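Okay, structure first, notes after.
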Amino acid sequence: MTDHDARSGASTPPDLPDLAGGPDDAPLIQLVTPAGARVTTPETDPYRERVAHLDAAALRGLYRDMVLTRRFDDEATALQRQGELGLFAQAKGQEAAQIGSGRALAAQDYVFPSYREHGVSHVRGIDTVDRLRLFRGVDHGGWDPTVHNVHLYTLVIGSHALHATGYAMGVQRDGLVGTGDPDRDTAVVAYFGDGATSQGDVNEALVFAAVNNAPVVFFCQNNQWAISEPTTKQTRVPLYRRGGGFGVPSVRVDGNDVLACYAVTAEALERARTGGGPTFVEAFTYRMGAHTTSDDPTRYRSRAQEDYWRRRDPIDRVEALLRAEGDWDDAYAAEVEAEAEALGERLRTETRALAAPPSQTMFENVYGTPHAVVETERAWFADYEESFAADDASGAHQEVAR
Amino acid sequence: MSTTKTLTLAKAINEGMRRSLETDPKVLLMGEDIGALGGVFRVTDGLQKDFGEDRVVDTPLAESGILGTAIGLALRGYRPVCEIQFDGFIFPAYDQITTQLAKMRYRSGGKLEVPVVVRVPFGGGIGAVEHHSESPEALFAHTAGLRVVSPSTPQDAFTMIQEAIASPDPVLFFEPKGRYWEKGEVDLGGRGEGARVLDRARVLRAGTDLTLVAYGPTVATALRAAAAAEQEGRSVEVVDLRSISPLDTATVVESVRRTGRCVVVHEAPSYLGAGAEVAARVTEECFYSLESPVLRVGGFHTPYPVAKIEHDYLPSLDRVLDAVDRAFAY
């Protein structure tokens, strides 16, 4: 199969369900084909309007976002292989879903990510090095959520869908829905994957969001693999249909089409902000890398399947679009490449410099006010540490060493 | 002017929550049937009528959903007070409580705060069906980041619920449902004693020969046991822990150093229960004062039994007195 054969994006990849779903399914929203051609079918009209303001410079900006996210991914993976990170979870292949949805957010919107939303972290301005603190084992979080309006990564699958819904219920109580002021109206987005749709918490979040008409967008990146389990182990129907039973409007989008992801997210955010309630978005994409650096996809999926999706790389699609429309700029591409090089160099240098925190910090921020058990143990540990210093000073330590 | 009234323990919690709702617009109540019905125990009676459906929220029937959305509301600056209908129904929310709620401040390096209160009617003795009489407090006390408390009197209930709501930390608030209708004097003038009581044990009855340690529903049993022991010429001191996490070890240790004997009473199974922690700490800190080992009276290591035999599972007056006798036999 050639790239041109995949123009519609709807042909069947090896070993996996058809992207197009069944005859009863909603169409997969696509605005740009894998070959870089604009889709101009009538049903895409409302979505094309939502990206009409994105000019060539804006498209090049999306390309830059995606390239920098990819480089972050590659560098972090390499750092893990060199022993500098305990673990890393790649976003590779999901850049269009993350950048497209992320760039549709307003500053006041609040994001609850899973743990591979590095593209979303990028657009929200979270420092690249801070994003690796968790993976290096020097911090359980890494950034101040209230500065970026991005909650910390949540590692237990699906738990944060409820946090997002509760946060959105708080936004409602703050009177920041449907004010008519686009700079004040606020939406909340929960990012999760195909595996998470099986979790009770995600389903409960849909219940709470629906009955409260909460301003929350459930953005499901269906990357087709929950570690080694394909989506067929999670569902018998396309995932977007999960929303319907809860009374939540749902949409399927080509998750490798950055413009389509931008458009459907913008629509969902507008619905949330104006009081229209929650939306469930299924962004159909592919996890090009392993689940994490501890995973080995060769045990459960074929090279042919990976090759199929490598030919549908979301970054290639933006480049193809820019070239097709005569907006590709070699000089700009070179600048982006240089920027990516600099990002990699900084990441290599500064990540290695991230030192372990002092052991005493483990007792900090367990509670907001002093807790007798923690305070007693903190004091004991300090004395224990101190005893070694005393031993060292007296020379006893050296005696033992001999 | 006196503001003291005689209230049931349930009504005292209701009045305490009313104060918090009045003084802090960010306080919300959430739970199943807490609105028009006033909760299955009527602890929230009348509050939705007075504060509206946005502040006294009838939630979907999903405990993890209640806790998970409460965490989100807290992250947005609210102070949710969640009612879990019965002790045995808390487990669907166990993950959100222990994995998310307890760790949010810690994993954010203190940048996030989740001041959520989880109210749990707990304990047995009410002839209930399965899953309605349990005492799971030790499971939560074992999780760092949570505070775990239980009031034993209407006055404490009134004071402690307000302190729990004002606390920057998540608080598991275990309400002795078997004592909901017991009455006591409550000073409604403020939060009560003035100084924070939430994590302070107190000596409820002075004695010289043995310290009975209890909390929540077993405090009344301990007081009755102390009165009965007095008939036999034994002077028993009663300490109400109020809090299981943290544990006010200092108050217990000070008492046991004087009395030389200690018996801990709770409805939860003795095995790996709060009493085991008290016994370990008393042994470490009062070793040379002890006349006998620290003894425990609690539930057995069985699931909570059927109602018709629960009186033999619960730490009754007789079983507490039996432990007192054994402590004096050494």
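By order of appearance in the structure tokens: chains A, B, ..., then residues from 1 within every chain, and ligands from 1 in the order shown.
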
**OP:** From range 23-184 of chain A, collect each residue whose DSSP state is alpha helix (DSSP H) and return the set as a PyMOL selection string.
**Re:** chain A and resi 45-51+56-81+95-103+118-123+133-136+145-148+159-173

**OP:** Would you mind listing what lies within 12 Å of Glu325 in chain A as a PyMOL selection string, with only C-alpha atoms counted and same-chain residues fewer than 6 positions away left out?
**Re:** chain A and resi 32+35-38+55-56+59-60+318-319

Could you take the residues named above and write them with N, CA and C atoms, as a short mmCIF file (atom, residue, chain, number, x, y, z; two decimals), in the first residue's frame?
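Result written to out_27.cif:
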```cif
data_model
loop_
_atom_site.label_atom_id
_atom_site.label_comp_id
_atom_site.auth_asym_id
_atom_site.auth_seq_id
_atom_site.Cartn_x
_atom_site.Cartn_y
_atom_site.Cartn_z
N VAL A 32 -7.79 17.03 6.85
CA VAL A 32 -6.62 16.92 5.98
C VAL A 32 -6.32 15.43 5.79
N ALA A 35 -2.21 12.49 2.74
CA ALA A 35 -1.38 13.03 1.66
C ALA A 35 -1.30 14.55 1.69
N GLY A 36 -2.01 15.17 2.62
CA GLY A 36 -1.89 16.62 2.77
C GLY A 36 -2.93 17.42 2.02
N ALA A 37 -4.00 16.77 1.57
CA ALA A 37 -5.06 17.48 0.85
C ALA A 37 -6.18 17.85 1.80
N ARG A 38 -6.75 19.05 1.62
CA ARG A 38 -7.89 19.47 2.43
C ARG A 38 -9.11 18.62 2.08
N ASP A 55 -3.87 30.55 9.56
CA ASP A 55 -3.18 30.83 8.30
C ASP A 55 -1.88 30.02 8.21
N ALA A 56 -1.11 30.27 7.17
CA ALA A 56 0.10 29.49 6.94
C ALA A 56 1.06 29.59 8.13
N LEU A 59 -0.21 27.37 10.83
CA LEU A 59 0.04 25.96 10.50
C LEU A 59 1.51 25.61 10.75
N ARG A 60 2.39 26.52 10.38
CA ARG A 60 3.81 26.27 10.64
C ARG A 60 4.07 26.21 12.14
N VAL A 318 1.25 17.32 8.37
CA VAL A 318 1.29 18.79 8.38
C VAL A 318 2.28 19.28 7.33
N GLU A 319 3.40 18.59 7.25
CA GLU A 319 4.38 18.99 6.24
C GLU A 319 3.78 18.86 4.84
#
```

**OP:** List the neighbours of Tyr180 in chain B out to 10 Å using only C-alpha atoms; skip same-chain residues closer than 2 positions along the sequence, and give me the result as a ChimeraX atom specification.
**Re:** /B:8-13,41-43,121,152-154,175-178,182-183,217

Original post:
Got a sec: who's within 7 Å of range 124-129 of chain A, counting only C-alpha atoms, leaving out chain neighbours fewer than 3 positions off, as number ranges by chain?
Top reply: A: 120-121, 132-133, 148, 347, 350-351

**OP:** Figure out the distance between CA of Ser114 in chain A and CA of Glu339 in chain A, please, to one decimal in Å.
**Re:** 26.6 Å

**OP:** Compute the set of chain B residues within 9 Å of chain A, using only C-alpha atoms, and express it as a PyMOL selection string.
**Re:** chain B and resi 54+59-60+62+64-78+95-96+99-100+102-113+144-147+167-170+199+245-249

Write a file of the selected residues as a short mmCIF file (atom, residue, chain, number, x, y, z; two decimals), in the first residue's frame, keeping C-alpha atoms.
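Generated file (again.cif):
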```cif
data_model
loop_
_atom_site.label_atom_id
_atom_site.label_comp_id
_atom_site.auth_asym_id
_atom_site.auth_seq_id
_atom_site.Cartn_x
_atom_site.Cartn_y
_atom_site.Cartn_z
CA ASP B 54 -25.76 23.67 44.78
CA THR B 59 -25.14 12.96 44.14
CA PRO B 60 -25.43 9.98 41.82
CA ALA B 62 -21.43 6.22 43.15
CA SER B 64 -15.85 6.81 43.93
CA GLY B 65 -17.62 9.48 41.90
CA ILE B 66 -18.50 11.40 45.07
CA LEU B 67 -14.89 11.37 46.30
CA GLY B 68 -13.34 11.96 42.88
CA THR B 69 -15.52 14.97 42.12
CA ALA B 70 -15.01 16.25 45.68
CA ILE B 71 -11.26 16.23 45.01
CA GLY B 72 -11.83 18.23 41.82
CA LEU B 73 -14.04 20.72 43.68
CA ALA B 74 -11.38 21.05 46.38
CA LEU B 75 -8.74 21.72 43.71
CA ARG B 76 -11.00 24.55 42.53
CA GLY B 77 -11.07 26.02 46.05
CA TYR B 78 -14.14 24.39 47.58
CA ASP B 95 -8.91 4.18 45.78
CA GLN B 96 -9.81 7.85 45.42
CA THR B 99 -4.42 7.00 46.15
CA GLN B 100 -5.56 10.51 45.28
CA ALA B 102 -4.29 11.40 50.75
CA LYS B 103 -1.36 12.10 48.42
CA MET B 104 -2.36 15.26 46.54
CA ARG B 105 -0.57 17.71 48.85
CA TYR B 106 2.51 15.50 49.04
CA ARG B 107 2.92 14.81 45.32
CA SER B 108 2.46 18.47 44.50
CA GLY B 109 5.12 19.54 47.00
CA GLY B 110 2.50 21.48 48.95
CA LYS B 111 1.23 23.42 45.94
CA LEU B 112 -2.19 21.75 46.04
CA GLU B 113 -4.59 21.41 48.92
CA ALA B 144 -0.34 8.94 55.47
CA GLY B 145 -1.97 12.20 54.42
CA LEU B 146 -5.33 11.47 56.03
CA ARG B 147 -6.56 12.51 59.45
CA SER B 167 -8.67 21.68 58.39
CA PRO B 168 -6.40 22.06 55.36
CA ASP B 169 -5.98 18.26 55.39
CA PRO B 170 -8.44 15.57 54.34
CA ASP B 199 -6.38 15.65 67.41
CA SER B 245 -4.46 9.65 63.10
CA PRO B 246 -2.61 11.34 64.55
CA LEU B 247 -2.54 9.54 67.86
CA ASP B 248 -2.17 11.78 70.90
CA THR B 249 0.37 9.45 72.45
#
```

Original post:
Hey, can you check how far CA of Pro215 in chain A sits from CA of Pro278 in chain A?
Top reply: 5.5 Å

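With only C-alpha atoms as the atoms that count, the residue of A:Ala214, A:Ala91, A:Leu28, A:Ala104 with the shortest distance to Arg71 in chain A is A:Ala91.
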
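With only C-alpha atoms as the atoms that count, the minimum distance from His266 in chain B to the choices B:Glu134, B:Asp325, B:Glu32, B:Glu232 is reached by B:Glu134.
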